[in-house]
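Trainee: Dropping in entry-v7.cif, which is mmCIF, C-alpha atoms:
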data_structure
loop_
_atom_site.label_atom_id
_atom_site.label_comp_id
_atom_site.auth_asym_id
_atom_site.auth_seq_id
_atom_site.Cartn_x
_atom_site.Cartn_y
_atom_site.Cartn_z
CA MET A 17 -82.31 -15.19 -42.02
CA ALA A 18 -84.40 -16.87 -39.30
CA GLU A 19 -84.85 -15.15 -35.97
CA VAL A 20 -83.32 -16.51 -32.78
CA LEU A 21 -85.24 -15.47 -29.66
CA VAL A 22 -83.35 -14.50 -26.51
CA LEU A 23 -85.25 -14.10 -23.26
CA VAL A 24 -83.82 -10.96 -21.65
CA ASP A 25 -82.40 -11.59 -18.18
CA HIS A 26 -82.51 -8.25 -16.36
CA VAL A 27 -83.28 -6.38 -13.14
CA ASP A 28 -85.59 -3.43 -13.81
CA GLY A 29 -84.00 -2.92 -17.21
CA ALA A 30 -80.38 -3.41 -16.12
CA LEU A 31 -79.14 -6.23 -18.35
CA ARG A 32 -77.38 -9.15 -16.76
CA LYS A 33 -74.21 -10.36 -18.46
CA THR A 34 -76.04 -13.56 -19.41
CA THR A 35 -78.22 -11.57 -21.84
CA THR A 36 -75.25 -10.16 -23.74
CA GLU A 37 -73.74 -13.66 -23.89
CA LEU A 38 -76.96 -15.11 -25.31
CA LEU A 39 -77.23 -12.39 -27.94
CA THR A 40 -73.65 -13.17 -28.98
CA ILE A 41 -74.50 -16.87 -29.28
CA ALA A 42 -77.72 -16.08 -31.16
CA ARG A 43 -75.72 -14.42 -33.95
CA ARG A 44 -74.11 -17.79 -34.69
CA LEU A 45 -77.54 -19.25 -35.42
CA GLY A 46 -79.45 -16.47 -37.13
CA GLU A 47 -80.81 -12.98 -36.48
CA PRO A 48 -80.95 -12.14 -32.74
CA SER A 49 -84.30 -10.95 -31.39
CA ALA A 50 -84.80 -10.15 -27.72
CA VAL A 51 -87.95 -10.81 -25.70
CA PHE A 52 -88.36 -8.29 -22.89
CA ILE A 53 -90.69 -9.00 -19.96
CA GLY A 54 -91.04 -6.66 -17.00
CA SER A 55 -90.24 -3.04 -16.17
CA GLY A 56 -87.34 -0.87 -17.31
CA PHE A 57 -87.68 -1.36 -21.07
CA ASP A 58 -86.31 2.08 -21.96
CA ALA A 59 -83.18 1.44 -19.91
CA ALA A 60 -82.65 -1.96 -21.53
CA LYS A 61 -83.25 -1.04 -25.17
CA GLU A 62 -79.93 0.73 -25.71
CA GLY A 63 -77.98 -2.20 -24.29
CA LEU A 64 -79.91 -4.69 -26.41
CA ALA A 65 -79.17 -2.66 -29.52
CA ALA A 66 -75.48 -2.50 -28.59
CA TYR A 67 -75.25 -6.31 -28.59
CA GLY A 68 -76.96 -6.95 -31.88
CA ALA A 69 -80.67 -7.36 -31.15
CA GLU A 70 -82.43 -6.59 -34.44
CA LYS A 71 -85.90 -6.75 -32.86
CA VAL A 72 -87.12 -6.41 -29.30
CA TYR A 73 -90.46 -8.03 -28.54
CA ARG A 74 -91.98 -6.14 -25.64
CA ILE A 75 -94.67 -7.97 -23.69
CA ASP A 76 -97.58 -5.60 -23.10
CA ALA A 77 -98.63 -6.91 -19.69
CA ASP A 78 -97.66 -6.44 -16.07
CA LEU A 79 -96.37 -9.83 -14.93
CA SER A 80 -94.73 -8.59 -11.73
CA GLY A 81 -95.72 -10.58 -8.69
CA PHE A 82 -96.24 -13.83 -10.60
CA LEU A 83 -94.04 -16.88 -10.82
CA VAL A 84 -92.61 -18.23 -14.10
CA VAL A 85 -95.77 -19.61 -15.76
CA PRO A 86 -96.91 -16.27 -17.30
CA GLN A 87 -93.39 -15.72 -18.65
CA ALA A 88 -93.45 -19.11 -20.36
CA GLU A 89 -96.85 -18.28 -21.86
CA ALA A 90 -95.62 -14.89 -23.07
CA LEU A 91 -92.52 -16.42 -24.64
CA ALA A 92 -94.70 -19.04 -26.34
CA ALA A 93 -96.87 -16.24 -27.78
CA VAL A 94 -93.80 -14.54 -29.26
CA ALA A 95 -92.49 -17.84 -30.64
CA ALA A 96 -95.82 -18.47 -32.35
CA GLN A 97 -95.55 -15.04 -33.99
CA ALA A 98 -91.86 -15.15 -34.94
CA SER A 99 -91.38 -18.85 -35.88
CA PRO A 100 -87.77 -18.70 -34.62
CA ALA A 101 -84.88 -20.99 -35.47
CA ALA A 102 -84.21 -21.40 -31.72
CA VAL A 103 -85.05 -19.95 -28.32
CA LEU A 104 -82.23 -19.21 -25.86
CA VAL A 105 -82.62 -18.59 -22.12
CA ALA A 106 -80.15 -18.32 -19.26
CA SER A 107 -79.65 -21.62 -17.44
CA SER A 108 -80.69 -20.39 -14.01
CA PRO A 109 -83.28 -22.23 -11.89
CA GLU A 110 -85.96 -19.82 -13.13
CA GLY A 111 -84.69 -19.92 -16.70
CA LYS A 112 -84.68 -23.71 -16.85
CA GLU A 113 -88.27 -23.86 -15.60
CA ILE A 114 -89.37 -21.32 -18.21
CA ALA A 115 -87.51 -23.29 -20.90
CA ALA A 116 -89.12 -26.57 -19.86
CA ARG A 117 -92.64 -25.11 -19.84
CA LEU A 118 -92.00 -23.42 -23.19
CA ALA A 119 -90.78 -26.68 -24.76
CA VAL A 120 -93.99 -28.41 -23.66
CA LYS A 121 -96.13 -25.61 -25.10
CA LEU A 122 -94.26 -25.71 -28.42
CA GLY A 123 -94.03 -29.49 -28.58
CA SER A 124 -90.28 -29.06 -28.99
CA GLY A 125 -87.07 -30.61 -27.74
CA LEU A 126 -85.25 -29.06 -24.80
CA ILE A 127 -81.54 -28.90 -23.90
CA THR A 128 -80.43 -27.49 -20.53
CA ASP A 129 -77.06 -26.48 -19.10
CA ALA A 130 -75.41 -26.12 -22.52
CA VAL A 131 -71.84 -24.84 -22.30
CA ASP A 132 -71.51 -24.27 -26.05
CA VAL A 133 -74.03 -23.64 -28.83
CA GLN A 134 -73.16 -23.66 -32.52
CA SER A 135 -74.88 -24.00 -35.89
CA ASP A 136 -74.62 -27.55 -37.23
CA GLY A 137 -74.18 -26.20 -40.75
CA ALA A 138 -77.48 -27.66 -41.95
CA GLY A 139 -79.90 -25.20 -40.41
CA GLY A 140 -79.94 -26.92 -37.02
CA VAL A 141 -78.33 -26.28 -33.65
CA SER A 142 -75.56 -28.32 -32.02
CA THR A 143 -74.87 -28.05 -28.29
CA THR A 144 -72.23 -29.25 -25.86
CA GLN A 145 -73.10 -30.32 -22.31
CA THR A 146 -71.41 -31.97 -19.35
CA VAL A 147 -73.51 -34.75 -17.80
CA PHE A 148 -73.46 -37.36 -15.01
CA ALA A 149 -71.84 -35.04 -12.49
CA GLY A 150 -69.41 -33.80 -15.11
CA SER A 151 -68.07 -37.26 -15.94
CA TYR A 152 -68.94 -36.99 -19.65
CA THR A 153 -69.04 -34.32 -22.33
CA VAL A 154 -71.78 -34.87 -24.88
CA LYS A 155 -72.92 -33.30 -28.12
CA ALA A 156 -76.69 -32.97 -28.49
CA THR A 157 -79.18 -31.56 -30.95
CA VAL A 158 -82.95 -31.06 -30.90
CA THR A 159 -84.70 -33.34 -33.38
CA LYS A 160 -88.26 -32.06 -33.02
CA GLY A 161 -89.76 -28.59 -33.20
CA THR A 162 -88.03 -25.34 -32.29
CA PRO A 163 -84.85 -25.92 -30.24
CA VAL A 164 -85.27 -24.53 -26.72
CA ILE A 165 -81.86 -24.21 -25.10
CA ALA A 166 -80.87 -23.09 -21.60
CA VAL A 167 -77.26 -21.90 -21.70
CA LYS A 168 -74.91 -21.74 -18.72
CA PRO A 169 -73.47 -18.33 -17.83
CA ASN A 170 -69.93 -17.65 -19.12
CA SER A 171 -70.41 -19.94 -22.12
CA ALA A 172 -69.47 -17.13 -24.52
CA ALA A 173 -67.60 -13.84 -24.37
CA PRO A 174 -70.06 -10.97 -25.07
CA GLU A 175 -69.31 -9.21 -28.35
CA ALA A 176 -70.82 -5.80 -29.02
CA VAL A 177 -72.37 -5.45 -32.48
CA ALA A 178 -74.84 -2.70 -33.36
CA GLY A 179 -78.42 -3.83 -33.94
CA ALA A 180 -81.61 -2.00 -34.87
CA ALA A 181 -83.53 -3.07 -31.74
CA ALA A 182 -86.81 -2.38 -33.54
CA GLU A 183 -89.60 -2.45 -30.96
CA VAL A 184 -92.47 -4.88 -31.50
CA THR A 185 -95.26 -4.71 -28.91
CA VAL A 186 -96.93 -8.05 -28.21
CA PRO A 187 -100.39 -7.84 -26.58
CA PHE A 188 -100.62 -10.53 -23.93
CA GLU A 189 -102.98 -11.66 -21.19
CA PRO A 190 -101.83 -14.51 -18.93
CA SER A 191 -104.20 -17.40 -18.45
CA ALA A 192 -106.17 -17.90 -15.24
CA LEU A 193 -103.95 -20.89 -14.45
CA ALA A 194 -100.83 -18.76 -14.84
CA GLN A 195 -102.23 -16.24 -12.35
CA SER A 196 -103.08 -18.86 -9.74
CA ALA A 197 -99.78 -18.40 -7.86
CA LYS A 198 -98.38 -15.03 -6.79
CA ILE A 199 -95.38 -13.76 -4.86
CA VAL A 200 -96.71 -12.24 -1.63
CA SER A 201 -93.48 -10.71 -0.34
CA ALA A 202 -89.89 -10.15 -1.41
CA LYS A 203 -86.82 -8.38 -0.12
CA PRO A 204 -83.64 -7.36 -1.95
CA LYS A 205 -80.64 -9.64 -1.61
CA GLU A 206 -78.00 -8.21 0.70
CA LYS A 207 -75.25 -6.64 -1.40
CA THR A 208 -71.68 -7.81 -0.83
CA GLY A 209 -69.96 -5.73 -3.50
CA ARG A 210 -68.90 -8.95 -5.24
CA PRO A 211 -70.28 -10.31 -8.52
CA GLU A 212 -73.07 -12.90 -8.60
CA LEU A 213 -71.55 -16.37 -8.13
CA THR A 214 -73.03 -18.00 -11.23
CA GLU A 215 -72.19 -15.03 -13.48
CA ALA A 216 -68.70 -14.17 -12.23
CA ALA A 217 -65.73 -14.46 -14.59
CA ILE A 218 -63.54 -15.42 -11.63
CA VAL A 219 -64.55 -17.51 -8.62
CA VAL A 220 -62.43 -18.20 -5.53
CA SER A 221 -63.79 -20.96 -3.30
CA GLY A 222 -62.85 -22.22 0.13
CA GLY A 223 -63.36 -25.62 1.69
CA ARG A 224 -62.59 -27.69 4.75
CA GLY A 225 -58.98 -26.49 4.65
CA THR A 226 -60.04 -23.00 5.71
CA GLY A 227 -60.98 -24.31 9.13
CA GLY A 228 -63.87 -21.84 9.03
CA ASP A 229 -61.69 -18.77 8.41
CA PHE A 230 -62.59 -17.41 4.98
CA SER A 231 -60.79 -14.09 5.46
CA LYS A 232 -57.83 -15.00 3.23
CA VAL A 233 -60.15 -16.45 0.57
CA GLU A 234 -62.26 -13.27 0.59
CA ALA A 235 -59.22 -10.99 0.48
CA PHE A 236 -57.79 -12.83 -2.52
CA ALA A 237 -61.19 -12.83 -4.25
CA ASP A 238 -61.57 -9.08 -3.69
CA SER A 239 -58.13 -8.41 -5.15
CA LEU A 240 -59.28 -10.16 -8.35
CA GLY A 241 -62.82 -8.75 -8.39
CA ALA A 242 -64.04 -12.32 -7.98
CA ALA A 243 -67.04 -14.03 -6.44
CA VAL A 244 -66.60 -16.22 -3.36
CA GLY A 245 -67.77 -19.82 -3.32
CA ALA A 246 -67.63 -22.63 -0.79
CA SER A 247 -67.60 -26.40 -0.76
CA ARG A 248 -70.42 -28.44 0.73
CA ALA A 249 -68.24 -29.33 3.72
CA ALA A 250 -67.73 -25.63 4.47
CA VAL A 251 -71.40 -24.67 4.24
CA ASP A 252 -72.59 -27.76 6.15
CA ALA A 253 -70.22 -26.77 8.95
CA GLY A 254 -71.86 -23.34 9.04
CA TRP A 255 -68.71 -21.54 7.94
CA TYR A 256 -70.28 -19.90 4.88
CA PRO A 257 -73.84 -19.33 3.64
CA HIS A 258 -75.48 -22.16 1.67
CA SER A 259 -76.24 -19.67 -1.11
CA HIS A 260 -72.52 -19.74 -1.94
CA GLN A 261 -72.20 -23.52 -2.22
CA VAL A 262 -70.60 -24.76 -5.44
CA GLY A 263 -71.34 -28.36 -6.34
CA GLN A 264 -73.83 -30.90 -7.53
CA THR A 265 -76.32 -29.91 -4.82
CA GLY A 266 -75.32 -26.24 -4.91
CA LYS A 267 -74.65 -23.83 -7.73
CA GLN A 268 -72.94 -24.84 -10.94
CA VAL A 269 -70.40 -22.33 -12.18
CA SER A 270 -68.34 -22.07 -15.35
CA PRO A 271 -66.05 -19.04 -14.94
CA GLN A 272 -62.95 -18.15 -16.90
CA LEU A 273 -60.89 -18.82 -13.75
CA TYR A 274 -61.75 -20.99 -10.76
CA VAL A 275 -59.47 -21.10 -7.71
CA ALA A 276 -60.12 -23.91 -5.20
CA CYS A 277 -58.57 -23.24 -1.80
CA GLY A 278 -58.42 -26.02 0.77
CA ILE A 279 -60.90 -28.14 -1.20
CA SER A 280 -60.17 -31.85 -1.57
CA GLY A 281 -62.00 -32.26 -4.86
CA ALA A 282 -64.79 -34.72 -4.11
CA ILE A 283 -67.03 -35.54 -7.09
CA GLN A 284 -69.88 -33.55 -5.51
CA HIS A 285 -67.82 -30.36 -5.75
CA ARG A 286 -66.22 -31.17 -9.10
CA ALA A 287 -69.66 -31.54 -10.69
CA GLY A 288 -70.32 -27.87 -9.99
CA MET A 289 -67.12 -26.33 -11.33
CA GLN A 290 -65.17 -28.57 -13.68
CA THR A 291 -66.43 -26.80 -16.82
CA SER A 292 -64.43 -23.75 -15.69
CA LYS A 293 -62.01 -22.61 -18.39
CA THR A 294 -58.93 -22.54 -16.12
CA ILE A 295 -58.75 -24.24 -12.72
CA VAL A 296 -56.19 -23.55 -10.01
CA ALA A 297 -55.98 -25.41 -6.68
CA VAL A 298 -54.20 -24.58 -3.44
CA ASN A 299 -54.00 -27.53 -1.06
CA LYS A 300 -51.36 -28.72 1.36
CA ASP A 301 -52.21 -32.37 0.60
CA GLU A 302 -50.35 -33.24 -2.59
CA GLU A 303 -52.54 -36.37 -2.95
CA ALA A 304 -55.81 -34.41 -2.95
CA PRO A 305 -58.11 -35.52 -5.81
CA ILE A 306 -58.54 -31.90 -6.92
CA PHE A 307 -55.03 -31.99 -8.41
CA GLU A 308 -56.22 -34.54 -11.00
CA LEU A 309 -58.49 -31.85 -12.47
CA VAL A 310 -56.52 -28.62 -12.33
CA ASP A 311 -54.54 -26.66 -14.90
CA PHE A 312 -52.25 -25.31 -12.18
CA GLY A 313 -51.72 -26.63 -8.66
CA VAL A 314 -50.00 -25.18 -5.63
CA VAL A 315 -49.04 -27.57 -2.82
CA GLY A 316 -49.04 -25.41 0.27
CA ASP A 317 -50.99 -23.96 3.18
CA LEU A 318 -53.65 -21.56 1.87
CA PHE A 319 -53.02 -19.26 4.85
CA ALA A 320 -49.46 -18.77 3.55
CA VAL A 321 -50.11 -18.95 -0.18
CA LEU A 322 -53.17 -16.69 -0.53
CA PRO A 323 -51.74 -13.60 1.25
CA GLN A 324 -48.70 -13.78 -1.05
CA ALA A 325 -50.96 -14.09 -4.07
CA THR A 326 -53.10 -11.18 -2.86
CA ASP A 327 -50.02 -8.99 -2.42
CA ALA A 328 -48.75 -9.98 -5.88
CA VAL A 329 -52.07 -9.02 -7.50
CA ALA A 330 -52.08 -5.69 -5.66
CA ALA A 331 -48.49 -5.03 -6.76
CA ALA A 332 -49.33 -5.86 -10.37
CA LYS A 333 -52.26 -3.44 -10.29
CA ALA A 334 -50.08 -0.72 -8.84
#
Take the structure I supplied and represent it as structure tokens, if you would.
Mentor:
Amino acid sequence: MAEVLVLVDHVDGALRKTTTELLTIARRLGEPSAVFIGSGFDAAKEGLAAYGAEKVYRIDADLSGFLVVPQAEALAAVAAQASPAAVLVASSPEGKEIAARLAVKLGSGLITDAVDVQSDGAGGVSTTQTVFAGSYTVKATVTKGTPVIAVKPNSAAPEAVAGAAAEVTVPFEPSALAQSAKIVSAKPKEKTGRPELTEAAIVVSGGRGTGGDFSKVEAFADSLGAAVGASRAAVDAGWYPHSHQVGQTGKQVSPQLYVACGISGAIQHRAGMQTSKTIVAVNKDEEAPIFELVDFGVVGDLFAVLPQATDAVAAAKA
């Protein structure tokens, strides 16, 4: 069975949920093999084994402080050694750049922002994407070389399956070009206690209808253990940080549940969230375009609806 390489997405060995999702997808295509770059290998190995990684390629080089070019080179070195059936990476800004550089190095086709990946039954890989601001759903396949696929978070439910996680050390030295740009300073992101927006299973977003008061949106999100998002109108008004913007020019999310509160549903916002599995909208304008998209809609004032929903969730938990 051919190997399928998964670039491990982690923070000092703590696996992100995207990695377990990719390992689950990799089992559909062949034998999952993880590629680990960075520190914290010992902490990550057990988790990789728990989600089916049969091999773990460990890059024997310190790439901390560099941008993505050395990572693309390292992944290309592993691909040359393993001759994989496909390479999967998380579809984050960094992941997509690594995937693009890898595809060039391998002379292979590239697919980004896939929301589903399956075997085509003939030894190839079939993907599903949403394109043109979410207006179309397309099926695509790579026709040249090793498929390099960047997969959106929440595209698969992680399934734990025991793997051997046999360690394979890969000697590696980045090129001079790859070392020509370095990170000179960094600081940890301020913790909010909420999940990362692009990885969250539930997202609650607020828009112009909040009038700048996100307290009810945040309270409802916290009751669900959800991330908080915002529309472009809300962040442009300075009501919420730009890092939380959901939309074509913000972050694209695909959670199991998306709740839009006081958001009209302009195409710019829809492009960032309409691949969500279940969509709920709360808006007092019954003609709002968002209602054309939703699975469930509530016509009402979010300042009246959300507190009731928050209390109902708390009561259900109790």
Trainee: Neighbourhood query: residues within 8 Å of (-86.0, -11.3, -25.4), file coordinates, counting only C-alpha atoms; return as a PyMOL selection string.
Mentor: chain A and resi 21-24+49-53+72-74
Trainee: Write the residues of the selection above to a file with C-alpha atoms, as a tab-separated table (two decimals), in the coordinates of the input.
Mentor:
chain	number	residue	atom	x	y	z
A	21	LEU	CA	-85.24	-15.47	-29.66
A	22	VAL	CA	-83.35	-14.50	-26.51
A	23	LEU	CA	-85.25	-14.10	-23.26
A	24	VAL	CA	-83.82	-10.96	-21.65
A	49	SER	CA	-84.30	-10.95	-31.39
A	50	ALA	CA	-84.80	-10.15	-27.72
A	51	VAL	CA	-87.95	-10.81	-25.70
A	52	PHE	CA	-88.36	-8.29	-22.89
A	53	ILE	CA	-90.69	-9.00	-19.96
A	72	VAL	CA	-87.12	-6.41	-29.30
A	73	TYR	CA	-90.46	-8.03	-28.54
A	74	ARG	CA	-91.98	-6.14	-25.64
Trainee: Env of Val251 (chain A): 10 Å cut, atoms = all atoms listed in the file, seq-sep filter 2 positions within chain, self excluded. Answer as a ChimeraX atom specification.
Mentor: /A:222-224,228,245-249,253-262
Trainee: Identify which of the residues A:Asp311, A:Phe236, A:Pro163, A:Ser292 lies closest to Pro323 (chain A), counting all atoms listed in the file when measuring atom-to-atom distances.
Mentor: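 Of the candidates, the smallest distance to Pro323 (chain A) is held by A:Phe236.
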Trainee: Excluding Glu189 (chain A) and any residue of its chain fewer than 2 positions from it, enumerate the residues within 8 Å of it, using all atoms listed in the file, and give them as a count of residues only.
Mentor: 3
Trainee: Find the distance between CA of Pro211 (chain A) and CA of Ile41 (chain A) and write it in Å to one decimal.
Mentor: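 Atom-to-atom, CA of Pro211 (chain A) and CA of Ile41 (chain A) are spaced 22.2 Å apart.
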Trainee: Which residues come within 10 Å of Ala287 (chain A), counting all atoms listed in the file, excluding same-chain residues fewer than 6 positions away, as a ChimeraX atom specification?
Mentor: /A:146-151,262-269,281
Trainee: Between CA of Cys277 (chain A) and CA of Thr226 (chain A), what is the distance in Å, rounded to a tenth?
Mentor: 7.7 Å
Trainee: For the file shown, what are the residues hit by the PyMOL selection byres ((chain A and resi 63) around 12), laid out as a compact mmCIF listing (two decimals) with C-alpha atoms, in the frame of the given file?
Mentor:
# COMPACT_ATOMS: atom_id res chain seq x y z
CA VAL A 24 -83.82 -10.96 -21.65
CA HIS A 26 -82.51 -8.25 -16.36
CA GLY A 29 -84.00 -2.92 -17.21
CA ALA A 30 -80.38 -3.41 -16.12
CA LEU A 31 -79.14 -6.23 -18.35
CA ARG A 32 -77.38 -9.15 -16.76
CA LYS A 33 -74.21 -10.36 -18.46
CA THR A 35 -78.22 -11.57 -21.84
CA THR A 36 -75.25 -10.16 -23.74
CA LEU A 39 -77.23 -12.39 -27.94
CA ALA A 50 -84.80 -10.15 -27.72
CA GLY A 56 -87.34 -0.87 -17.31
CA PHE A 57 -87.68 -1.36 -21.07
CA ASP A 58 -86.31 2.08 -21.96
CA ALA A 59 -83.18 1.44 -19.91
CA ALA A 60 -82.65 -1.96 -21.53
CA LYS A 61 -83.25 -1.04 -25.17
CA GLU A 62 -79.93 0.73 -25.71
CA LEU A 64 -79.91 -4.69 -26.41
CA ALA A 65 -79.17 -2.66 -29.52
CA ALA A 66 -75.48 -2.50 -28.59
CA TYR A 67 -75.25 -6.31 -28.59
CA GLY A 68 -76.96 -6.95 -31.88
CA ALA A 69 -80.67 -7.36 -31.15
CA GLU A 70 -82.43 -6.59 -34.44
CA VAL A 72 -87.12 -6.41 -29.30
CA PRO A 174 -70.06 -10.97 -25.07
CA GLU A 175 -69.31 -9.21 -28.35
CA ALA A 176 -70.82 -5.80 -29.02
CA VAL A 177 -72.37 -5.45 -32.48
CA ALA A 178 -74.84 -2.70 -33.36
CA GLY A 179 -78.42 -3.83 -33.94
CA ALA A 180 -81.61 -2.00 -34.87
CA ALA A 181 -83.53 -3.07 -31.74
